[in-house]
Amino acid sequence: MLEYIRCVAATSGVVVALAMAAAGPAKAQSVEPARIEAAVEAVMPDVVLWRRDFHQNPELGFAEHRTAEVIADHLRGLGLEVRVGVGKTGVVAILRGGRPGRTVALRADMDALPVEEATGLPFASTATGTYQGRTVPVAHACGHDAHIAMLMGAAEVLAGMRDQISGTVVFIFQPAEEGAPPGEPMGGAALMIAEGALDDPRPEAIFGLHVVPGLPGTIFYRPEGFMAASDRVDIVLSGRQTHGAWPWKGIDIIAVAGQVVETVNTLTARTVDPTATPTVFTIATIEAGVRYNIIPDEARLSGTLRTFDVAQRDDLVARAEAAIGHVAEAYGATAEFSVRQNAALVYNDPALSAWLAPVLEEAAGEGQVNPAVPPTTVAEDFSYYQREIPGVFYHLGASAAGVDPATSAPNHSPMFDVNEDVLIVGVRAHVLTALRFLEQ
């Protein structure tokens, strides 16, 4: 694929392959498949109830206090070692098997979004929260409620068979996946890592999933670069206020903002080869002015940059900053340009990805797993764990039965919903991934 991806593959993939080879051939399965399936099916009524409870009580990033308390209470009840407050509201729980062995981590994210839900569900959110100093509606419009519930269910299943487990499972419930709230230096994954989520014990690998529009119960991912790196871009344009009827007596910052948007769009569309390195650069917000006949002296723009290549990203950022500065200068205005990374490239370790495919097929069923889909420009801060240890992140199709996934409401939409019939696949996938990894 890309040169830097090939370099990473030559290191992390080989490391995992050597580690798995050193462990020798797989041991006989320590837990009977029938017992696993019975335990998964038994926990599913609770998984659905948990999902609905979290859905009805969403909390924004780093404010997941109730969510974390419910999770921690459940995990303590299972007899796990539980740490709270890791990364502000994060929860880490450790399940030590009855026999020594390897260590594996499973991760779920907890935060909701400043979105007003419009699903009409009987357990729809009517909650509000504070975002950028304003009271906003809050909803689980990305499916994290389902992620929490599925991992809680997997923890219960695995805890019930700990005597037959060789090794340790680390459960990570992470806040603020949607990015660092304003004023915070880093998002949930980076902060949890900084505060020891991957320490004592140190996992050898980490796995996670995300519900997305897709055929119900199917699983899809790809080795190497799967989900884009995500940067937040902020631009502040400064001009000189004037009457709307006399634009020549000031510096028309609205006209400058329009040219900036066109410049960004043109740079991306005309200077980047989309067949070699998918790239999206979107200006999503413009804030300027208070009255229809006054041209203000300032405009604030923000947007997102999604990339799959570090060098190409750095080059585009440098050229965008220079071009926006030139546009502002042409009008007599000034521009401040800043970029902040929300998530790195989700890089699925090649060797681990190949090993995982049959395990996921065991969970989802024959023909239900596609381990070679194209990359996607949405982002995930699961990538920061993958910078520390090998990992694989995969998607779980969760569209309503009989609905074309292409027409399903996307994540972050007010209409986004999760087909609860697929939750059992996610629980089963978590459980089997942990068990099969520890059996190596």
# chains A, B, ... in the order shown; residues from 1 in each chain; ligands from 1
>>> select_by_dssp(residues="stretch 178-343 of chain A", states="helix (DSSP H, G or I)", output="CSV table (one decimal) with N, CA, C and O atoms, in the first residue's frame")
chain,number,residue,atom,x,y,z
A,188,GLY,N,-9.6,10.4,24.9
A,188,GLY,CA,-9.6,9.3,25.9
A,188,GLY,C,-8.6,8.2,25.8
A,188,GLY,O,-8.0,7.8,26.8
A,189,ALA,N,-8.3,7.7,24.6
A,189,ALA,CA,-7.3,6.7,24.4
A,189,ALA,C,-6.0,7.1,24.9
A,189,ALA,O,-5.3,6.4,25.6
A,190,ALA,N,-5.5,8.2,24.4
A,190,ALA,CA,-4.2,8.7,24.7
A,190,ALA,C,-4.1,9.0,26.2
A,190,ALA,O,-3.0,8.7,26.8
A,191,LEU,N,-5.1,9.5,26.8
A,191,LEU,CA,-5.0,9.8,28.3
A,191,LEU,C,-5.0,8.5,29.1
A,191,LEU,O,-4.3,8.4,30.1
A,192,MET,N,-5.8,7.5,28.7
A,192,MET,CA,-5.8,6.2,29.4
A,192,MET,C,-4.5,5.6,29.3
A,192,MET,O,-4.0,5.0,30.3
A,193,ILE,N,-3.9,5.6,28.1
A,193,ILE,CA,-2.5,5.0,28.0
A,193,ILE,C,-1.5,5.8,28.9
A,193,ILE,O,-0.7,5.1,29.5
A,194,ALA,N,-1.6,7.1,28.9
A,194,ALA,CA,-0.7,7.9,29.7
A,194,ALA,C,-0.8,7.6,31.2
A,194,ALA,O,0.1,7.7,31.9
A,247,PRO,N,-18.7,47.8,1.8
A,247,PRO,CA,-17.7,46.8,2.0
A,247,PRO,C,-16.3,47.3,1.8
A,247,PRO,O,-15.3,46.8,2.4
A,248,TRP,N,-16.1,48.3,0.9
A,248,TRP,CA,-14.8,48.8,0.5
A,248,TRP,C,-14.2,49.6,1.6
A,248,TRP,O,-13.0,49.9,1.6
A,249,LYS,N,-15.0,50.0,2.6
A,249,LYS,CA,-14.4,50.8,3.7
A,249,LYS,C,-13.9,49.9,4.9
A,249,LYS,O,-13.4,50.4,5.9
A,253,ILE,N,-14.3,40.1,5.7
A,253,ILE,CA,-13.9,38.8,6.2
A,253,ILE,C,-14.8,37.7,5.7
A,253,ILE,O,-14.4,36.5,5.7
A,254,ILE,N,-16.0,38.0,5.4
A,254,ILE,CA,-17.0,37.0,4.9
A,254,ILE,C,-16.5,36.5,3.5
A,254,ILE,O,-16.5,35.3,3.2
A,255,ALA,N,-16.1,37.5,2.7
A,255,ALA,CA,-15.5,37.1,1.3
A,255,ALA,C,-14.3,36.3,1.5
A,255,ALA,O,-14.0,35.3,0.7
A,256,VAL,N,-13.4,36.7,2.5
A,256,VAL,CA,-12.2,35.9,2.7
A,256,VAL,C,-12.5,34.5,3.1
A,256,VAL,O,-12.0,33.5,2.6
A,257,ALA,N,-13.5,34.3,4.0
A,257,ALA,CA,-13.9,33.0,4.4
A,257,ALA,C,-14.4,32.1,3.3
A,257,ALA,O,-14.1,30.9,3.2
A,258,GLY,N,-15.2,32.7,2.4
A,258,GLY,CA,-15.6,32.0,1.2
A,258,GLY,C,-14.5,31.5,0.3
A,258,GLY,O,-14.5,30.4,-0.2
A,259,GLN,N,-13.5,32.4,0.1
A,259,GLN,CA,-12.3,32.0,-0.7
A,259,GLN,C,-11.5,30.9,0.0
A,259,GLN,O,-10.9,30.1,-0.6
A,260,VAL,N,-11.5,31.0,1.4
A,260,VAL,CA,-10.7,29.9,2.1
A,260,VAL,C,-11.3,28.6,1.9
A,260,VAL,O,-10.6,27.6,1.6
A,261,VAL,N,-12.7,28.5,1.9
A,261,VAL,CA,-13.3,27.2,1.7
A,261,VAL,C,-13.0,26.7,0.3
A,261,VAL,O,-12.7,25.5,0.1
A,262,GLU,N,-13.1,27.6,-0.7
A,262,GLU,CA,-12.8,27.1,-2.0
A,262,GLU,C,-11.4,26.7,-2.2
A,262,GLU,O,-11.0,25.7,-2.9
A,263,THR,N,-10.5,27.4,-1.5
A,263,THR,CA,-9.0,27.0,-1.6
A,263,THR,C,-8.8,25.6,-1.0
A,263,THR,O,-8.1,24.8,-1.6
A,264,VAL,N,-9.4,25.4,0.2
A,264,VAL,CA,-9.2,24.0,0.8
A,264,VAL,C,-9.8,23.0,-0.1
A,264,VAL,O,-9.1,21.9,-0.4
A,265,ASN,N,-11.0,23.2,-0.7
A,265,ASN,CA,-11.6,22.2,-1.6
A,265,ASN,C,-10.7,21.9,-2.8
A,265,ASN,O,-10.6,20.8,-3.3
A,266,THR,N,-10.2,23.0,-3.4
A,266,THR,CA,-9.4,22.9,-4.6
A,266,THR,C,-8.1,22.2,-4.3
A,266,THR,O,-7.7,21.3,-5.1
A,267,LEU,N,-7.4,22.6,-3.2
A,267,LEU,CA,-6.2,22.0,-2.9
A,267,LEU,C,-6.3,20.4,-2.8
A,267,LEU,O,-5.5,19.7,-3.3
A,268,THR,N,-7.4,20.0,-2.1
A,268,THR,CA,-7.6,18.6,-1.9
A,268,THR,C,-7.9,17.9,-3.2
A,268,THR,O,-7.4,16.8,-3.5
A,269,ALA,N,-8.8,18.5,-4.0
A,269,ALA,CA,-9.3,17.8,-5.2
A,269,ALA,C,-8.3,17.8,-6.3
A,269,ALA,O,-8.3,17.0,-7.2
A,270,ARG,N,-7.4,18.8,-6.3
A,270,ARG,CA,-6.5,19.0,-7.5
A,270,ARG,C,-5.0,18.8,-7.3
A,270,ARG,O,-4.2,18.8,-8.2
A,271,THR,N,-4.7,18.5,-6.0
A,271,THR,CA,-3.2,18.3,-5.8
A,271,THR,C,-2.9,16.9,-5.1
A,271,THR,O,-1.8,16.6,-4.8
A,310,VAL,N,1.4,9.8,6.3
A,310,VAL,CA,2.0,10.9,7.2
A,310,VAL,C,2.6,12.0,6.4
A,310,VAL,O,2.4,13.2,6.5
A,311,ALA,N,3.5,11.6,5.4
A,311,ALA,CA,4.2,12.6,4.6
A,311,ALA,C,3.3,13.4,3.8
A,311,ALA,O,3.4,14.7,3.7
A,312,GLN,N,2.3,12.8,3.2
A,312,GLN,CA,1.3,13.5,2.3
A,312,GLN,C,0.5,14.4,3.2
A,312,GLN,O,0.2,15.5,2.8
A,313,ARG,N,0.1,13.9,4.4
A,313,ARG,CA,-0.7,14.8,5.3
A,313,ARG,C,0.1,16.0,5.7
A,313,ARG,O,-0.4,17.2,5.6
A,314,ASP,N,1.4,15.9,6.0
A,314,ASP,CA,2.2,17.0,6.4
A,314,ASP,C,2.4,18.0,5.3
A,314,ASP,O,2.3,19.2,5.5
A,315,ASP,N,2.5,17.5,4.1
A,315,ASP,CA,2.7,18.4,2.9
A,315,ASP,C,1.4,19.1,2.6
A,315,ASP,O,1.4,20.4,2.4
A,316,LEU,N,0.2,18.5,2.7
A,316,LEU,CA,-1.0,19.2,2.5
A,316,LEU,C,-1.3,20.2,3.6
A,316,LEU,O,-1.8,21.3,3.2
A,317,VAL,N,-1.0,19.9,4.8
A,317,VAL,CA,-1.2,20.9,5.9
A,317,VAL,C,-0.3,22.1,5.6
A,317,VAL,O,-0.8,23.3,5.8
A,318,ALA,N,0.9,21.9,5.3
A,318,ALA,CA,1.9,23.1,5.0
A,318,ALA,C,1.4,23.9,3.8
A,318,ALA,O,1.4,25.2,3.9
A,319,ARG,N,0.9,23.3,2.8
A,319,ARG,CA,0.4,24.0,1.6
A,319,ARG,C,-0.9,24.7,1.9
A,319,ARG,O,-1.1,25.8,1.4
A,320,ALA,N,-1.7,24.1,2.7
A,320,ALA,CA,-3.0,24.7,3.1
A,320,ALA,C,-2.8,26.0,3.9
A,320,ALA,O,-3.4,27.0,3.7
A,321,GLU,N,-1.9,25.9,4.9
A,321,GLU,CA,-1.6,27.0,5.7
A,321,GLU,C,-1.0,28.2,4.9
A,321,GLU,O,-1.4,29.3,5.0
A,322,ALA,N,-0.1,27.9,4.0
A,322,ALA,CA,0.5,28.9,3.1
A,322,ALA,C,-0.6,29.5,2.2
A,322,ALA,O,-0.7,30.8,2.1
A,323,ALA,N,-1.4,28.7,1.6
A,323,ALA,CA,-2.4,29.2,0.6
A,323,ALA,C,-3.5,30.1,1.4
A,323,ALA,O,-3.9,31.1,0.8
A,324,ILE,N,-3.9,29.6,2.5
A,324,ILE,CA,-4.9,30.4,3.3
A,324,ILE,C,-4.3,31.7,3.7
A,324,ILE,O,-5.0,32.8,3.7
A,325,GLY,N,-3.0,31.7,4.1
A,325,GLY,CA,-2.4,33.0,4.4
A,325,GLY,C,-2.3,33.9,3.2
A,325,GLY,O,-2.5,35.1,3.4
A,326,HIS,N,-2.1,33.4,2.0
A,326,HIS,CA,-2.0,34.2,0.8
A,326,HIS,C,-3.4,34.8,0.5
A,326,HIS,O,-3.5,36.0,0.1
A,327,VAL,N,-4.4,34.0,0.7
A,327,VAL,CA,-5.8,34.5,0.4
A,327,VAL,C,-6.1,35.6,1.3
A,327,VAL,O,-6.6,36.7,0.9
A,328,ALA,N,-5.8,35.5,2.6
A,328,ALA,CA,-6.1,36.5,3.6
A,328,ALA,C,-5.3,37.8,3.2
A,328,ALA,O,-5.9,38.9,3.3
A,329,GLU,N,-4.1,37.6,2.9
A,329,GLU,CA,-3.2,38.7,2.6
A,329,GLU,C,-3.7,39.5,1.4
A,329,GLU,O,-3.6,40.8,1.3
A,330,ALA,N,-4.3,38.8,0.4
A,330,ALA,CA,-4.8,39.5,-0.8
A,330,ALA,C,-5.9,40.4,-0.5
A,330,ALA,O,-6.1,41.4,-1.2
A,331,TYR,N,-6.6,40.2,0.6
A,331,TYR,CA,-7.7,41.0,1.0
A,331,TYR,C,-7.3,42.1,2.0
A,331,TYR,O,-8.1,42.9,2.5
>>> residues_around(residues="A:Ala344", least_positions_apart="5", cutoff="12 Å", atoms="only C-alpha atoms", output="compact mmCIF listing (two decimals) with C-alpha atoms, in the first residue's frame")
# COMPACT_ATOMS: atom_id res chain seq x y z
CA GLY A 179 -12.02 13.53 20.56
CA GLY A 187 -8.64 12.42 24.03
CA ALA A 189 -7.34 6.65 24.42
CA ALA A 190 -4.19 8.74 24.70
CA GLY A 225 -4.38 0.94 7.11
CA PHE A 226 -8.11 0.56 7.86
CA MET A 227 -9.44 3.86 9.26
CA ALA A 228 -8.04 7.30 8.55
CA ALA A 229 -5.93 9.53 10.73
CA SER A 230 -8.07 12.47 11.85
CA ASP A 231 -6.98 16.07 12.41
CA ARG A 232 -9.06 18.99 13.62
CA LEU A 305 -8.66 16.37 7.67
CA ARG A 306 -8.61 12.59 7.06
CA THR A 307 -5.47 10.98 5.66
CA PHE A 308 -3.65 7.64 5.30
CA ASP A 309 -0.09 8.84 4.72
CA VAL A 310 1.97 10.89 7.18
CA ARG A 313 -0.68 14.80 5.28
CA THR A 377 -12.14 7.81 5.94
CA VAL A 378 -13.86 7.74 9.33
CA ALA A 379 -11.46 7.69 12.27
CA GLU A 380 -11.00 6.00 15.65
CA ASP A 381 -8.63 6.69 18.52
CA PHE A 382 -8.25 2.94 19.02
CA SER A 383 -5.24 3.73 16.83
CA TYR A 384 -3.30 4.98 19.87
CA TYR A 385 -3.44 1.54 21.50
CA GLN A 386 -2.13 0.07 18.24
CA ARG A 387 0.87 2.36 18.49
>>> select_by_dssp(residues="stretch 3-186 of chain A", states="strand (DSSP E or B)", output="ChimeraX atom specification")
/A:81-86,90-96,99-109,113,128-131,134-137,139,166-174
>>> closest_residue(among="A:Glu366, A:Asp200, A:Asp421, A:Glu184", to="A:Gly87", atoms="only C-alpha atoms")
A:Glu184
>>> residues_around(residues="A:Pro358", least_positions_apart="2", cutoff="12 Å", atoms="only C-alpha atoms", output="list of chain:residue names")
A:Ile219, A:Leu352, A:Ser353, A:Ala354, A:Trp355, A:Leu356, A:Leu360, A:Glu361, A:Glu362, A:Ala363, A:Ala364, A:Gly365, A:Glu366, A:Gly367, A:Gln368, A:Val369, A:Asn370, A:Pro371, A:Ala429, A:Leu432, A:Thr433, A:Arg436, A:Phe437
>>> residues_around(residues="stretch 92-97 of chain A", least_positions_apart="6", cutoff="8 Å", atoms="only C-alpha atoms", output="number ranges by chain")
A: 75, 80-84, 86, 159, 162-173, 197
>>> residues_around(residues="A:Met44", least_positions_apart="4", cutoff="8 Å", atoms="only C-alpha atoms", output="number ranges by chain")
A: 40, 48, 153, 423-424
>>> atom_distance(atom1="atom CA of A:Pro216", atom2="atom CA of A:Glu37")
19.0 Å
>>> residues_around(residues="A:Gly183", least_positions_apart="6", cutoff="12 Å", atoms="only C-alpha atoms", output="PyMOL selection string")
chain A and resi 62+131-133
>>> residues_around(residues="A:Gln56", least_positions_apart="5", cutoff="9 Å", atoms="only C-alpha atoms", output="list in words")
Arg51, Phe123, Ala124, Ser125, Thr126, Ala127, Ala139 and His140 of chain A
>>> write_last_selection(atoms="all heavy atoms", output="compact mmCIF listing (two decimals), in the first residue's frame")
# COMPACT_ATOMS: atom_id res chain seq x y z
N ARG A 51 -27.77 -1.96 27.10
CA ARG A 51 -27.68 -1.08 25.93
C ARG A 51 -28.76 0.00 25.99
O ARG A 51 -28.52 1.18 25.74
CB ARG A 51 -27.79 -1.91 24.65
CG ARG A 51 -27.65 -1.07 23.38
CD ARG A 51 -28.98 -0.75 22.73
NE ARG A 51 -28.83 0.34 21.77
CZ ARG A 51 -29.70 0.63 20.83
NH1 ARG A 51 -30.79 -0.11 20.68
NH2 ARG A 51 -29.50 1.64 20.02
N PHE A 123 -36.92 4.19 24.22
CA PHE A 123 -35.85 4.53 25.17
C PHE A 123 -34.91 5.59 24.57
O PHE A 123 -33.72 5.66 24.91
CB PHE A 123 -35.05 3.28 25.55
CG PHE A 123 -34.59 2.43 24.39
CD1 PHE A 123 -33.36 2.66 23.80
CD2 PHE A 123 -35.39 1.43 23.88
CE1 PHE A 123 -32.93 1.90 22.72
CE2 PHE A 123 -34.97 0.64 22.81
CZ PHE A 123 -33.74 0.89 22.23
N ALA A 124 -35.44 6.43 23.71
CA ALA A 124 -34.65 7.50 23.09
C ALA A 124 -34.16 8.48 24.16
O ALA A 124 -34.80 8.68 25.20
CB ALA A 124 -35.48 8.23 22.05
N SER A 125 -33.04 9.11 23.87
CA SER A 125 -32.46 10.06 24.81
C SER A 125 -33.18 11.41 24.77
O SER A 125 -33.50 11.93 23.70
CB SER A 125 -30.98 10.28 24.47
OG SER A 125 -30.45 11.36 25.22
N THR A 126 -33.40 11.96 25.96
CA THR A 126 -33.86 13.35 26.09
C THR A 126 -32.84 14.13 26.93
O THR A 126 -33.14 15.22 27.41
CB THR A 126 -35.24 13.42 26.74
OG1 THR A 126 -35.20 12.80 28.04
CG2 THR A 126 -36.29 12.73 25.88
N ALA A 127 -31.65 13.55 27.09
CA ALA A 127 -30.63 14.13 27.96
C ALA A 127 -29.99 15.37 27.33
O ALA A 127 -30.02 15.56 26.10
CB ALA A 127 -29.54 13.09 28.25
N ALA A 139 -26.89 12.37 22.71
CA ALA A 139 -27.41 11.07 22.28
C ALA A 139 -26.27 10.13 21.91
O ALA A 139 -25.20 10.57 21.48
CB ALA A 139 -28.36 11.24 21.09
N HIS A 140 -26.54 8.84 22.06
CA HIS A 140 -25.60 7.83 21.60
C HIS A 140 -25.83 7.61 20.10
O HIS A 140 -26.30 6.56 19.66
CB HIS A 140 -25.77 6.53 22.37
CG HIS A 140 -24.91 6.45 23.59
ND1 HIS A 140 -23.53 6.45 23.54
CD2 HIS A 140 -25.23 6.38 24.91
CE1 HIS A 140 -23.03 6.38 24.76
NE2 HIS A 140 -24.04 6.33 25.61
>>> atom_distance(atom1="atom CA of A:Gly98", atom2="atom CA of A:Met161")
8.9 Å
>>> atom_distance(atom1="atom CA of A:Pro374", atom2="atom CA of A:Thr304")
20.6 Å
>>> closest_residue(among="A:Gly208, A:Gly289, A:Pro223, A:Pro296", to="A:Ser238", atoms="only C-alpha atoms")
A:Pro296
